[in-house]
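First comes the structure, then the notes that go with it.
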Amino acid sequence: MKLIKNAVLVLLTSLSTLLTAQETGFSELLQNIDSREKTSLNGMWDMIVDPLENGYYNHRLKPMDNGYFMNAQMESPSDLIEYNFETSQQLMVPGDWNTQLDKLYYYEGTVWYKKDFEYTIDTDKLAYLYFEAVNYEAIVYLNGERLGSHVGGYTPFQFEVTDKLKEGNNFVVVKVDNKRKAENLPTVNQDWWNYGGITRAVHLINTPKSHIDDYSIQLPKGVTNVITGWVSVTNGKNGDAVSIAIPELKKTVRAVLKDGKAEFSIKAKPKLWSPTSPKTYEVVVKTETDEITDQIGFRTIATEGSKILLNGKQIFLKGISIHEEAPFKTGRVVSVEECRILLQWAKELGCNFIRLAHYPHSEAMVREAEKMGFLIWSEIPVYWTIQFDNEDTYANAKNQLTEMISRDKNRAAVILWSMANETPEGTSRLNFIGNLAEQARKFDDTRLITAALDTQGRGEAGNLIEDPLGEVVDVIGINNYCGWYAGTTESCASIKWASAYNKPMIMSEVGGGALFGLHGEKNERWTEEYQAEVYRTNIEMMRNIDFIAGLSPWILMDFRSARRPLKRIQDDFNRKGLISEQGMKKQAFFVLQDYFLKENN
Ligand code: GCB
């Protein structure tokens, strides 16, 4: 009987391991990995480029059981093994492959990555293999055994690998595939570079057998004198004690575990987090066997008619959109220093708000932004015309949303979860995004829901916002390119806006392109003067919108995009940056800076 019970347990455990990353549940992802005992697997990884997926399928296109993930070595001179990681080229992790090797600049397909590492077994600990992000699909193998797979290029995932690690040498192989597919998110067309690879850090994390896996510690909606939340513990027993302490507030509460979770509330009046005072508190969560420390801020966010209220007071969001592209060298951002450079530019511009477009940025970006006092809009890549009728596409979107919220739910700086960008009106789209919004609210009822719309029609008075999605969101994002894609710059200032909704509107995109250093008349495309004029006239237009609650023009820095081939001007860059990819500020930067710093709004 006991044997059967054990067998069932083993089966359940391995099933849950298989499912871990594929369907990472809300409470499964380890929270706050920086506070944990971990070994970095960053650095140079061996790699094999495999456009035909020869390491995965046989010549009948059936998956093989002796693919490249076996990392086979020749044992006798007569052996036939047609790959060898040891003699292959290498790629840096974290990093995209496109900017590391010329031959991979436009490459979209499979690359196999392999890393050897030493491990010393500690029978008192559990081990997790944690990927901060891989673009786009990852199939992960440890010592030749498949752990599972993950889709979605911008969110973390993990596998529990305690029983799969060996004493001494181990190897991990990841099949990374960034082929664009119609059913994916983003779909086949996107206006940013499809950087492939293990783009963010990889860690081997050790925890006690019974450990804190996740927690939520925030102010409830609209309340400033009680901090509430929950702590989730893996392998905890009913009745186990959990303590949550905020030393600076001289508060410690004890809670009791029930079905893996302990709920708590702390009577306290923390100093509230805001852009002008980005105060965070050290919070210590403890169980008998585990301890995690985090820095957490507390604030409220709400809407009232067309206003956004931070800590009960109206705030105007002076923002800028940002792609997570590295300054000076391009490619994906891979370090905290690169995040800081981008954020410092946004500070200089006078921003109190950033739109992290069009996918969840790294945890480092969010945490740095929080320290620097930026309010954050965070979004998932439900971008342009995706397959709104496809259930798998919905499951994928929901999973990316879940992973984004799961990772960042304790960041006071994040005030807006964005469900989508520039999606075409229609019933299936309304259901798709409506369901996502419902999920987001179920996970987190303390933040606001938004989406960026490009569907405004023309009413009698001018532009009219009446997209039915306006009903679903709390804050309406509007992308509008007056003077660039539509209308002349002279026409912008006098355009009037009306809305069918009594809700705040953020002008989530507005702007135009310029090549840094190209000068001319203000009606000559691509000159800095033209772009500056777009900003001047659009600022005039925005001054006249009484329901506007902020803006995040497009965009802080020029970024790579395969939609932008114009020779000598674009050269594969979207030039709408206020700063060039080499860090040079264009005239429009100073126009927006003037507006943000000089106006008392
Ligand atoms: C948009 C998109 C953004 C593009 C931008 C552009 O509306 O949301 O992803 O990069 O326009 O430059 O055309």
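By order of appearance in the structure tokens: chains A, B, ..., then residues from 1 within every chain, and ligands from 1 in the order shown.
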
Hey, what's within 12 Å of Arg564 of chain A if we count only C-alpha atoms and toss same-chain stuff fewer than 5 positions away? As an NGL selection string, please?
:A and (190-193 or 513 or 558-559 or 569-576)

Can you pull out the residues contacting Ser88 of chain A? Cut-off 12 Å, using only C-alpha atoms, and skip same-chain residues under 2 positions away; I want them as a PDB file with N, CA and C atoms, in the first residue's frame.
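In the end it all went to result-v3.pdb:
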ATOM      1  N   MET A  44      29.632  32.345 -20.785  1.00  0.00           N
ATOM      2  CA  MET A  44      29.646  31.801 -22.137  1.00  0.00           C
ATOM      3  C   MET A  44      29.005  30.405 -22.154  1.00  0.00           C
ATOM      4  N   TRP A  45      28.077  30.209 -23.066  1.00  0.00           N
ATOM      5  CA  TRP A  45      27.449  28.897 -23.275  1.00  0.00           C
ATOM      6  C   TRP A  45      27.873  28.401 -24.660  1.00  0.00           C
ATOM      7  N   ASP A  46      28.114  27.104 -24.782  1.00  0.00           N
ATOM      8  CA  ASP A  46      28.351  26.525 -26.109  1.00  0.00           C
ATOM      9  C   ASP A  46      27.056  26.575 -26.885  1.00  0.00           C
ATOM     10  N   MET A  47      27.172  26.664 -28.204  1.00  0.00           N
ATOM     11  CA  MET A  47      25.910  26.733 -28.963  1.00  0.00           C
ATOM     12  C   MET A  47      26.035  26.137 -30.356  1.00  0.00           C
ATOM     13  N   ILE A  48      24.919  25.632 -30.834  1.00  0.00           N
ATOM     14  CA  ILE A  48      24.857  25.103 -32.200  1.00  0.00           C
ATOM     15  C   ILE A  48      23.643  25.725 -32.883  1.00  0.00           C
ATOM     16  N   VAL A  49      23.882  26.330 -34.039  1.00  0.00           N
ATOM     17  CA  VAL A  49      22.782  26.915 -34.815  1.00  0.00           C
ATOM     18  C   VAL A  49      22.147  25.777 -35.606  1.00  0.00           C
ATOM     19  N   ASN A  71      23.957  15.713 -25.687  1.00  0.00           N
ATOM     20  CA  ASN A  71      25.339  16.178 -25.587  1.00  0.00           C
ATOM     21  C   ASN A  71      26.312  15.003 -25.727  1.00  0.00           C
ATOM     22  N   GLU A  82      27.272  13.784 -35.318  1.00  0.00           N
ATOM     23  CA  GLU A  82      27.470  14.909 -36.242  1.00  0.00           C
ATOM     24  C   GLU A  82      27.312  16.283 -35.586  1.00  0.00           C
ATOM     25  N   TYR A  83      27.518  16.334 -34.296  1.00  0.00           N
ATOM     26  CA  TYR A  83      27.539  17.640 -33.620  1.00  0.00           C
ATOM     27  C   TYR A  83      28.494  17.528 -32.453  1.00  0.00           C
ATOM     28  N   ASN A  84      28.971  18.658 -32.013  1.00  0.00           N
ATOM     29  CA  ASN A  84      29.863  18.641 -30.855  1.00  0.00           C
ATOM     30  C   ASN A  84      29.842  20.017 -30.196  1.00  0.00           C
ATOM     31  N   PHE A  85      29.217  20.089 -29.044  1.00  0.00           N
ATOM     32  CA  PHE A  85      29.149  21.377 -28.351  1.00  0.00           C
ATOM     33  C   PHE A  85      30.545  21.895 -27.981  1.00  0.00           C
ATOM     34  N   GLU A  86      31.442  20.927 -27.665  1.00  0.00           N
ATOM     35  CA  GLU A  86      32.764  21.340 -27.169  1.00  0.00           C
ATOM     36  C   GLU A  86      33.540  22.151 -28.201  1.00  0.00           C
ATOM     37  N   GLN A  90      30.495  30.024 -29.178  1.00  0.00           N
ATOM     38  CA  GLN A  90      29.836  30.305 -27.903  1.00  0.00           C
ATOM     39  C   GLN A  90      29.044  31.607 -27.965  1.00  0.00           C
ATOM     40  N   LEU A  91      28.081  31.704 -27.079  1.00  0.00           N
ATOM     41  CA  LEU A  91      27.291  32.933 -26.943  1.00  0.00           C
ATOM     42  C   LEU A  91      27.246  33.335 -25.474  1.00  0.00           C
ATOM     43  N   VAL A 111      18.410  27.662 -31.935  1.00  0.00           N
ATOM     44  CA  VAL A 111      19.808  27.598 -31.507  1.00  0.00           C
ATOM     45  C   VAL A 111      19.835  26.742 -30.244  1.00  0.00           C
ATOM     46  N   TRP A 112      20.765  25.796 -30.195  1.00  0.00           N
ATOM     47  CA  TRP A 112      20.929  24.971 -28.988  1.00  0.00           C
ATOM     48  C   TRP A 112      22.015  25.604 -28.125  1.00  0.00           C
ATOM     49  N   TYR A 113      21.725  25.721 -26.849  1.00  0.00           N
ATOM     50  CA  TYR A 113      22.692  26.262 -25.902  1.00  0.00           C
ATOM     51  C   TYR A 113      23.084  25.151 -24.927  1.00  0.00           C
ATOM     52  N   LYS A 114      24.353  25.109 -24.530  1.00  0.00           N
ATOM     53  CA  LYS A 114      24.749  24.124 -23.509  1.00  0.00           C
ATOM     54  C   LYS A 114      25.711  24.735 -22.501  1.00  0.00           C
TER      55      LYS A 114
END

Within 9 Å of ligand 1 (counting only C-alpha atoms and all ligand atoms), which residues show up? I'd like them as JSON, numbers by chain.
{"A": [190, 191, 192, 357, 358, 383, 384, 421, 422, 452, 453, 454, 479, 480, 481, 485, 508, 509, 510, 511, 512, 513, 554, 555, 559, 561, 574, 575, 576]}

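Closest approach to Ala268 of chain A among A:Ala245, A:Val366, A:Leu129, A:Ile380 is made by A:Ala245 (distances from only C-alpha atoms).
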
Could you give me, as a ChimeraX atom specification, each residue of segment 170-278 of chain A that DSSP assigns to strand (DSSP E) when run on this structure's backbone?
/A:170-177,202-208,211-218,226-234,241-246,251-256,261-267

Would you write out those residues with C-alpha atoms, as a compact mmCIF listing (two decimals), in the first residue's frame?
# COMPACT_ATOMS: atom_id res chain seq x y z
CA ASN A 170 26.08 18.45 -14.77
CA PHE A 171 25.00 19.96 -18.05
CA VAL A 172 21.97 21.93 -19.08
CA VAL A 173 20.87 22.20 -22.70
CA VAL A 174 18.24 24.65 -23.93
CA LYS A 175 16.66 24.54 -27.36
CA VAL A 176 15.76 28.16 -28.04
CA ASP A 177 13.48 28.92 -30.97
CA VAL A 202 19.89 31.98 -15.55
CA HIS A 203 20.22 30.83 -11.94
CA LEU A 204 20.40 27.66 -9.97
CA ILE A 205 18.53 28.47 -6.78
CA ASN A 206 18.72 26.48 -3.56
CA THR A 207 16.02 26.66 -0.94
CA PRO A 208 15.33 24.82 2.27
CA HIS A 211 10.52 27.30 1.90
CA ILE A 212 8.73 30.52 1.17
CA ASP A 213 7.91 30.44 -2.52
CA ASP A 214 5.80 33.54 -2.98
CA TYR A 215 4.14 36.39 -1.14
CA SER A 216 2.03 39.45 -1.68
CA ILE A 217 2.57 42.40 0.67
CA GLN A 218 0.74 45.61 -0.29
CA VAL A 226 -3.34 48.39 7.07
CA ILE A 227 -0.92 46.26 5.07
CA THR A 228 -2.37 42.95 3.98
CA GLY A 229 -1.27 39.93 2.03
CA TRP A 230 -0.31 36.30 2.04
CA VAL A 231 2.76 34.13 2.15
CA SER A 232 2.86 30.85 0.27
CA VAL A 233 5.11 28.07 1.55
CA THR A 234 6.21 24.95 -0.31
CA ALA A 241 4.12 29.75 11.82
CA VAL A 242 5.06 32.48 9.37
CA SER A 243 6.20 35.89 10.52
CA ILE A 244 6.19 39.15 8.59
CA ALA A 245 8.23 41.98 10.03
CA ILE A 246 8.70 45.60 9.00
CA LYS A 251 5.80 45.76 13.38
CA THR A 252 5.92 41.99 13.42
CA VAL A 253 2.90 39.80 12.85
CA ARG A 254 2.60 36.06 13.02
CA ALA A 255 0.34 34.11 10.72
CA VAL A 256 -0.47 30.44 10.45
CA LYS A 261 -0.76 29.75 2.50
CA ALA A 262 -0.77 32.16 5.42
CA GLU A 263 -2.83 35.33 5.27
CA PHE A 264 -2.03 38.32 7.42
CA SER A 265 -2.78 41.94 8.03
CA ILE A 266 -0.64 44.53 9.78
CA LYS A 267 -2.07 47.68 11.30

Hey, can you check how far atom CA of Gln582 of chain A sits from atom CA of Lys329 of chain A?
7.4 Å

If we count only C-alpha atoms and set the cut-off at 12 Å, which residues sit around Gln531 of chain A, ignoring sequence neighbours fewer than 4 positions away in its own chain? Please answer as a VMD selection string.
chain A and resid 481 to 484 488 to 489 510 to 516 518 to 527 535 to 538 553 to 555 575 to 579 586 to 592

Can you work out the spacing between atom CA of Trp497 of chain A and atom CA of Leu464 of chain A in Å, to one decimal?
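One can read the atom CA of Trp497 of chain A to atom CA of Leu464 of chain A distance as 5.9 Å.
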
Find the distance between atom CA of Gly583 of chain A and atom CA of Phe328 of chain A and write it in Å to one decimal.
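Value for the atom CA of Gly583 of chain A-atom CA of Phe328 of chain A distance: 6.2 Å.
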
Between A:Lys258, A:Lys398, A:Leu448, A:Ile478, which one has atoms that come closest to Ile301 of chain A, using only C-alpha atoms?
A:Leu448

Report as a ChimeraX atom specification all protein, DNA and RNA residues lying within 9 Å of Phe388 of chain A, evaluated on only C-alpha atoms, omitting residues in the same chain fewer than 3 positions from it.
/A:385,391,393-394,428-433

Written selection (C-alpha atoms) as an mmCIF file, in the first residue's frame:
data_model
loop_
_atom_site.group_PDB
_atom_site.id
_atom_site.type_symbol
_atom_site.label_atom_id
_atom_site.label_comp_id
_atom_site.auth_asym_id
_atom_site.auth_seq_id
_atom_site.Cartn_x
_atom_site.Cartn_y
_atom_site.Cartn_z
ATOM 1 C CA THR A 385 -3.654 41.644 -35.097
ATOM 2 C CA GLU A 391 -7.829 29.339 -27.542
ATOM 3 C CA THR A 393 -3.279 32.105 -28.131
ATOM 4 C CA TYR A 394 -5.515 33.137 -25.251
ATOM 5 C CA SER A 428 -13.537 38.215 -30.405
ATOM 6 C CA ARG A 429 -10.954 40.873 -29.528
ATOM 7 C CA LEU A 430 -13.312 42.376 -26.980
ATOM 8 C CA ASN A 431 -13.861 38.962 -25.374
ATOM 9 C CA PHE A 432 -10.167 38.114 -25.458
ATOM 10 C CA ILE A 433 -9.013 41.344 -23.836
#

Write out as a PyMOL selection string all residues of segment 188-372 of chain A that DSSP puts in helix (DSSP H, G or I) for this structure's backbone.
chain A and resi 247-249+336-349+363-372

Excluding Gly350 of chain A and its own-chain neighbours fewer than 6 positions away, which residues fall within 8 Å of it when counting only C-alpha atoms? Please give them as a ChimeraX atom specification.
/A:318,593,596-597

Take the residues from that selection and write them out as a CSV table (one decimal), in the first residue's frame, keeping N, CA and C atoms.
chain,number,residue,atom,x,y,z
A,318,LYS,N,3.8,62.3,-16.3
A,318,LYS,CA,4.7,62.9,-17.3
A,318,LYS,C,5.6,61.7,-17.7
A,593,GLN,N,11.2,68.1,-22.6
A,593,GLN,CA,11.8,68.4,-21.3
A,593,GLN,C,11.3,69.7,-20.8
A,596,PHE,N,7.7,69.2,-19.6
A,596,PHE,CA,7.7,68.5,-18.4
A,596,PHE,C,8.2,69.3,-17.2
A,597,LEU,N,9.3,70.0,-17.4
A,597,LEU,CA,10.0,70.7,-16.3
A,597,LEU,C,9.4,72.1,-16.0

Judged by only C-alpha atoms, the minimum distance to Ala532 of chain A among A:Phe374, A:Lys585, A:Lys237, A:Ile449 is found for A:Lys585

Which residues, written as a list in words, have at least one atom at most 9 Å from Glu490 of chain A, with only C-alpha atoms counted and residues fewer than 3 positions away on the same chain left out?
Gly483, Gly487, Ala493, Ser494, Glu533, Val534 and Thr537 of chain A

Distance query Tyr119 of chain A at most 7 Å, only C-alpha atoms, self and fewer than 5 positions along chain excluded, as a VMD selection string:
chain A and resid 166 to 169
